[in-house]
>>> print(open('model.cif').read())   # mmCIF, C-alpha atoms
data_final
#
loop_
_atom_site.group_PDB
_atom_site.id
_atom_site.type_symbol
_atom_site.label_atom_id
_atom_site.label_comp_id
_atom_site.auth_asym_id
_atom_site.auth_seq_id
_atom_site.Cartn_x
_atom_site.Cartn_y
_atom_site.Cartn_z
ATOM 1 C CA MET A 5 52.163 -29.254 -7.329
ATOM 2 C CA ASP A 6 48.816 -30.983 -7.141
ATOM 3 C CA ASP A 7 50.212 -33.314 -4.473
ATOM 4 C CA CYS A 8 51.279 -30.315 -2.424
ATOM 5 C CA SER A 9 47.909 -28.573 -2.698
ATOM 6 C CA ASP A 10 46.074 -31.845 -2.000
ATOM 7 C CA GLU A 11 48.250 -32.360 1.066
ATOM 8 C CA SER A 12 47.620 -28.850 2.390
ATOM 9 C CA SER A 13 43.887 -29.234 1.686
ATOM 10 C CA LYS A 14 43.898 -32.524 3.610
ATOM 11 C CA LYS A 15 45.725 -30.903 6.544
ATOM 12 C CA ALA A 16 43.311 -27.974 6.541
ATOM 13 C CA ALA A 17 40.321 -30.340 6.426
ATOM 14 C CA GLU A 18 41.779 -32.463 9.252
ATOM 15 C CA GLN A 19 42.466 -29.333 11.333
ATOM 16 C CA GLN A 20 38.925 -28.092 10.731
ATOM 17 C CA THR A 21 37.483 -31.511 11.674
ATOM 18 C CA GLU A 22 39.664 -31.599 14.824
ATOM 19 C CA ASP A 23 38.640 -28.054 15.782
ATOM 20 C CA HIS A 24 34.991 -28.961 15.229
ATOM 21 C CA GLN A 25 35.333 -32.129 17.341
ATOM 22 C CA ASN A 26 37.081 -30.220 20.133
ATOM 23 C CA HIS A 27 34.402 -27.554 20.049
ATOM 24 C CA HIS A 28 31.696 -30.201 19.955
ATOM 25 C CA ASP A 29 33.233 -32.176 22.829
ATOM 26 C CA TYR A 30 33.428 -29.098 25.014
ATOM 27 C CA GLY A 31 30.038 -27.454 24.932
ATOM 28 C CA GLY A 32 30.552 -25.874 28.362
ATOM 29 C CA PHE A 33 28.104 -25.692 31.213
ATOM 30 C CA ALA A 34 25.300 -24.605 28.913
ATOM 31 C CA SER A 35 25.266 -28.015 27.218
ATOM 32 C CA LEU A 36 24.659 -29.861 30.498
ATOM 33 C CA PRO A 37 21.233 -31.314 31.275
ATOM 34 C CA THR A 38 18.945 -28.833 33.022
ATOM 35 C CA ASP A 39 18.876 -30.646 36.381
ATOM 36 C CA VAL A 40 22.691 -30.787 36.495
ATOM 37 C CA LEU A 41 22.956 -27.126 35.487
ATOM 38 C CA ILE A 42 20.475 -26.199 38.240
ATOM 39 C CA SER A 43 22.516 -28.170 40.801
ATOM 40 C CA ILE A 44 25.677 -26.328 39.796
ATOM 41 C CA LEU A 45 24.219 -22.820 39.498
ATOM 42 C CA CYS A 46 22.225 -22.984 42.736
ATOM 43 C CA ARG A 47 25.512 -23.056 44.660
ATOM 44 C CA SER A 48 26.526 -19.646 43.301
ATOM 45 C CA PRO A 49 26.095 -16.611 45.581
ATOM 46 C CA ALA A 50 23.083 -14.385 44.914
ATOM 47 C CA SER A 51 25.426 -11.476 44.194
ATOM 48 C CA ASP A 52 26.649 -13.376 41.084
ATOM 49 C CA HIS A 53 23.182 -14.057 39.654
ATOM 50 C CA THR A 54 23.080 -10.898 37.538
ATOM 51 C CA SER A 55 26.443 -11.704 35.943
ATOM 52 C CA LEU A 56 25.466 -15.324 35.395
ATOM 53 C CA ARG A 57 22.164 -14.319 33.806
ATOM 54 C CA ASP A 58 24.074 -12.100 31.369
ATOM 55 C CA THR A 59 26.429 -14.951 30.397
ATOM 56 C CA CYS A 60 24.091 -16.800 28.060
ATOM 57 C CA LYS A 61 20.463 -17.554 27.320
ATOM 58 C CA SER A 62 20.683 -21.016 28.912
ATOM 59 C CA PHE A 63 21.903 -19.578 32.233
ATOM 60 C CA ARG A 64 19.277 -16.815 32.160
ATOM 61 C CA THR A 65 16.453 -19.297 31.484
ATOM 62 C CA THR A 66 17.710 -21.630 34.209
ATOM 63 C CA ILE A 67 18.142 -18.923 36.868
ATOM 64 C CA ASP A 68 14.703 -17.463 36.113
ATOM 65 C CA SER A 69 12.955 -20.845 36.294
ATOM 66 C CA ALA A 70 10.730 -21.966 39.162
ATOM 67 C CA ALA A 71 12.666 -25.249 39.294
ATOM 68 C CA TYR A 72 15.893 -23.331 40.005
ATOM 69 C CA LYS A 73 14.321 -21.238 42.760
ATOM 70 C CA GLY A 74 12.741 -24.342 44.283
ATOM 71 C CA GLU A 75 16.014 -26.294 44.224
ATOM 72 C CA ARG A 76 17.904 -23.340 45.707
ATOM 73 C CA ALA A 77 15.384 -23.048 48.537
ATOM 74 C CA THR A 78 15.105 -26.766 49.344
ATOM 75 C CA SER A 79 18.837 -27.456 49.089
ATOM 76 C CA GLY A 80 19.649 -24.713 51.585
ATOM 77 C CA TRP A 81 21.698 -22.558 49.197
ATOM 78 C CA ALA A 82 19.220 -19.664 49.175
ATOM 79 C CA GLU A 83 20.480 -16.612 51.044
ATOM 80 C CA VAL A 84 17.868 -15.398 53.511
ATOM 81 C CA SER A 85 18.327 -12.056 55.227
ATOM 82 C CA THR A 86 16.227 -9.948 57.554
ATOM 83 C CA HIS A 87 16.145 -6.231 58.176
ATOM 84 C CA LEU A 88 14.446 -4.466 61.074
ATOM 85 C CA LEU A 89 12.755 -1.382 59.652
ATOM 86 C CA THR A 90 13.337 1.748 61.699
ATOM 87 C CA GLY A 91 10.565 4.224 62.360
ATOM 88 C CA SER A 92 11.853 6.633 59.726
ATOM 89 C CA GLU A 93 11.917 3.825 57.135
ATOM 90 C CA LEU A 94 8.294 2.977 57.988
ATOM 91 C CA TYR A 95 7.365 6.662 57.694
ATOM 92 C CA ASP A 96 9.008 6.842 54.252
ATOM 93 C CA ARG A 97 7.117 3.729 53.110
ATOM 94 C CA GLU A 98 3.804 5.143 54.242
ATOM 95 C CA ASN A 99 4.616 8.565 52.768
ATOM 96 C CA PRO A 100 6.565 7.818 49.561
ATOM 97 C CA ASN A 101 6.138 11.386 48.292
ATOM 98 C CA GLY A 102 7.220 12.909 51.580
ATOM 99 C CA PRO A 103 5.199 15.318 53.700
ATOM 100 C CA GLU A 104 2.209 16.924 52.027
ATOM 101 C CA ASP A 105 1.463 20.620 51.499
ATOM 102 C CA VAL A 106 4.990 21.975 51.842
ATOM 103 C CA SER A 107 5.623 25.259 50.079
ATOM 104 C CA LEU A 108 7.806 28.289 50.515
ATOM 105 C CA SER A 109 6.362 31.261 52.332
ATOM 106 C CA ASP A 110 7.396 34.896 51.911
ATOM 107 C CA GLY A 111 10.141 34.931 54.543
ATOM 108 C CA ASP A 112 11.811 31.642 53.525
ATOM 109 C CA VAL A 113 13.934 33.092 50.690
ATOM 110 C CA ASP A 114 14.997 36.522 49.498
ATOM 111 C CA ASP A 115 13.058 38.134 46.673
ATOM 112 C CA ASP A 116 16.144 38.058 44.444
ATOM 113 C CA ALA A 117 16.891 34.356 45.114
ATOM 114 C CA THR A 118 17.750 32.173 42.120
ATOM 115 C CA GLU A 119 15.670 29.122 41.151
ATOM 116 C CA GLU A 120 18.415 26.898 42.546
ATOM 117 C CA GLU A 121 18.324 28.707 45.901
ATOM 118 C CA ARG A 122 14.521 28.404 45.959
ATOM 119 C CA ALA A 123 14.758 24.679 45.197
ATOM 120 C CA ASP A 124 17.345 24.208 47.981
ATOM 121 C CA ALA A 125 15.164 26.140 50.444
ATOM 122 C CA LEU A 126 12.139 24.007 49.522
ATOM 123 C CA GLN A 127 14.126 20.773 49.991
ATOM 124 C CA TRP A 128 15.316 22.044 53.374
ATOM 125 C CA LYS A 129 11.729 22.844 54.397
ATOM 126 C CA ILE A 130 10.515 19.391 53.258
ATOM 127 C CA ALA A 131 13.278 17.705 55.296
ATOM 128 C CA GLU A 132 12.380 19.831 58.313
ATOM 129 C CA LYS A 133 8.673 18.913 58.078
ATOM 130 C CA ARG A 134 9.530 15.232 57.536
ATOM 131 C CA LEU A 135 11.599 15.213 60.731
ATOM 132 C CA SER A 136 8.886 16.969 62.736
ATOM 133 C CA GLU A 137 6.249 14.489 61.488
ATOM 134 C CA ILE A 138 8.516 11.527 62.316
ATOM 135 C CA ILE A 139 8.765 12.787 65.899
ATOM 136 C CA GLU A 140 5.127 13.907 66.192
ATOM 137 C CA TYR A 141 3.610 10.694 64.809
ATOM 138 C CA GLY A 142 5.855 8.258 66.718
ATOM 139 C CA TYR A 143 8.275 7.153 64.007
ATOM 140 C CA SER A 144 11.430 8.223 65.843
ATOM 141 C CA SER A 145 12.061 4.787 67.391
ATOM 142 C CA GLU A 146 14.688 2.414 66.055
ATOM 143 C CA LEU A 147 12.097 -0.336 66.650
ATOM 144 C CA GLY A 148 9.576 1.012 64.161
ATOM 145 C CA TYR A 149 6.426 2.895 65.072
ATOM 146 C CA MET A 150 5.928 3.734 68.778
ATOM 147 C CA ASP A 151 2.440 4.505 70.057
ATOM 148 C CA GLN A 152 2.531 7.742 72.055
ATOM 149 C CA ASP A 153 -0.279 6.789 74.475
ATOM 150 C CA TYR A 154 0.495 3.174 75.386
ATOM 151 C CA TRP A 155 4.211 3.032 74.503
ATOM 152 C CA TYR A 156 4.065 -0.141 72.473
ATOM 153 C CA ASN A 157 6.112 -0.635 69.323
ATOM 154 C CA ASP A 158 4.841 -1.885 65.970
ATOM 155 C CA ILE A 159 7.886 -3.708 64.662
ATOM 156 C CA THR A 160 8.293 -4.712 61.018
ATOM 157 C CA VAL A 161 10.985 -7.133 59.911
ATOM 158 C CA GLU A 162 11.552 -7.343 56.162
ATOM 159 C CA ILE A 163 12.613 -10.708 54.729
ATOM 160 C CA LYS A 164 14.689 -11.063 51.573
ATOM 161 C CA VAL A 165 15.627 -14.249 49.740
ATOM 162 C CA ASP A 166 18.576 -13.931 47.374
ATOM 163 C CA GLY A 167 18.298 -10.151 47.572
ATOM 164 C CA GLU A 168 14.623 -10.013 46.558
ATOM 165 C CA ARG A 169 12.014 -8.837 49.063
ATOM 166 C CA CYS A 170 9.656 -11.737 49.650
ATOM 167 C CA GLY A 171 7.667 -10.600 52.659
ATOM 168 C CA SER A 172 7.671 -9.134 56.115
ATOM 169 C CA ILE A 173 6.735 -10.031 59.665
ATOM 170 C CA ASP A 174 4.821 -7.564 61.810
ATOM 171 C CA LEU A 175 5.207 -7.790 65.584
ATOM 172 C CA VAL A 176 3.957 -5.760 68.523
ATOM 173 C CA LEU A 177 6.249 -5.162 71.473
ATOM 174 C CA LEU A 178 4.294 -4.398 74.643
ATOM 175 C CA PRO A 179 6.437 -3.008 77.443
ATOM 176 C CA ARG A 180 6.039 -4.606 80.856
ATOM 177 C CA GLY A 181 5.353 -1.754 83.237
ATOM 178 C CA VAL A 182 6.854 -1.542 86.729
ATOM 179 C CA TYR A 183 3.718 -0.220 88.451
ATOM 180 C CA HIS A 184 1.064 -1.464 86.085
ATOM 181 C CA SER A 185 0.712 -4.164 83.455
ATOM 182 C CA TYR A 186 -1.432 -4.697 80.431
ATOM 183 C CA PRO A 187 -4.157 -7.347 80.124
ATOM 184 C CA PHE A 188 -1.898 -9.273 77.755
ATOM 185 C CA HIS A 189 0.761 -9.588 80.464
ATOM 186 C CA ASP A 190 -1.804 -10.585 83.101
ATOM 187 C CA ALA A 191 -3.156 -13.294 80.785
ATOM 188 C CA ALA A 192 0.350 -14.468 79.987
ATOM 189 C CA ASP A 193 1.229 -14.665 83.690
ATOM 190 C CA VAL A 194 -1.876 -16.702 84.441
ATOM 191 C CA HIS A 195 -1.563 -18.995 81.428
ATOM 192 C CA SER A 196 1.915 -20.425 81.932
ATOM 193 C CA SER A 197 5.432 -19.628 82.951
ATOM 194 C CA GLU A 198 6.582 -20.118 79.343
ATOM 195 C CA LEU A 199 4.476 -17.209 78.154
ATOM 196 C CA GLN A 200 5.914 -14.998 80.888
ATOM 197 C CA MET A 201 9.174 -15.104 78.933
ATOM 198 C CA VAL A 202 7.356 -13.600 75.920
ATOM 199 C CA GLY A 203 6.528 -10.430 77.884
#
>>> encode(input="model.cif", output="structure tokens")
Amino acid sequence: MDDCSDESSKKAAEQQTEDHQNHHDYGGFASLPTDVLISILCRSPASDHTSLRDTCKSFRTTIDSAAYKGERATSGWAEVSTHLLTGSELYDRENPNGPEDVSLSDGDVDDDATEEERADALQWKIAEKRLSEIIEYGYSSELGYMDQDYWYNDITVEIKVDGERCGSIDLVLLPRGVYHSYPFHDAADVHSSELQMVG
């Protein structure tokens, strides 16, 4: 009986040692050296970064590191996107709380209106004032802000890298008039034919 229990103990010990060796041999991606892990993870799409960060502490530390972001940018795997901000988006950025001084007046709702009806009427009035300010102040253009006197556009292009906003580019679009031109266009015409293409 002792031989049988010794034999089963030996088999259990061997199985445990084998399981431990197999587990030790396969440590997964997290056991790789940092530079190798960075090279592998930087090829993953930005949309997977949140899931990868939640996988384990090693992945989270690697993805959050400056070395990872630098490798992703220099290796060309970073996903860069641009977005042209419309006039209404610029208005909303400059007025994050919406139009100011909007309140209900006596004729906007019935005297017996519920709180919900009053809230809906106020939201409707805020939306109405927002739209009128967008038109009045020149934010109705798809190209950003349009000056009402000189008809130029202030254009803002937002830049994102891997889904995170990292900056913006501000441009001014000056229209080339048929019957008149602006000093910028005159200077461009005189300077060189290459700059004429800018106008």
>>> residues_around(input="model.cif", residues="Gly142 in chain A", least_positions_apart="5", cutoff="8 Å", atoms="only C-alpha atoms", output="PyMOL selection string")
chain A and resi 91+149-152
>>> resolve_selection(input="model.cif", expression="the PyMOL selection byres ((chain A and resi 161) around 8)", output="MDAnalysis selection string")
chainID A and resid 86:89 159:160 162:163 172:174
>>> closest_residue(input="model.cif", among="A:Ser136, A:Ser55, A:Thr118, A:Ser43", to="Gly74 in chain A", atoms="only C-alpha atoms")
A:Ser43
>>> closest_residue(input="model.cif", among="A:Asp39, A:Glu132, A:Glu146, A:Glu140", to="Thr66 in chain A", atoms="only C-alpha atoms")
A:Asp39
>>> closest_residue(input="model.cif", among="A:Leu36, A:Lys133, A:Asp114, A:Tyr72", to="His53 in chain A", atoms="all atoms listed in the file")
A:Tyr72
>>> atom_distance(input="model.cif", atom1="CA of Ser92 in chain A", atom2="CA of Leu177 in chain A")
17.6 Å
>>> closest_residue(input="model.cif", among="A:Phe33, A:Phe63, A:Tyr95, A:Trp81", to="Arg134 in chain A", atoms="only C-alpha atoms")
A:Tyr95
>>> residues_around(input="model.cif", residues="Ala71 in chain A", least_positions_apart="2", cutoff="12 Å", atoms="all atoms listed in the file", output="list in words")
Thr38, Asp39, Val40, Leu41, Ile42, Ser43, Leu45, Cys46, Thr65, Thr66, Ile67, Asp68, Ser69, Lys73, Gly74, Glu75, Arg76, Ala77, Thr78 and Ser79 of chain A
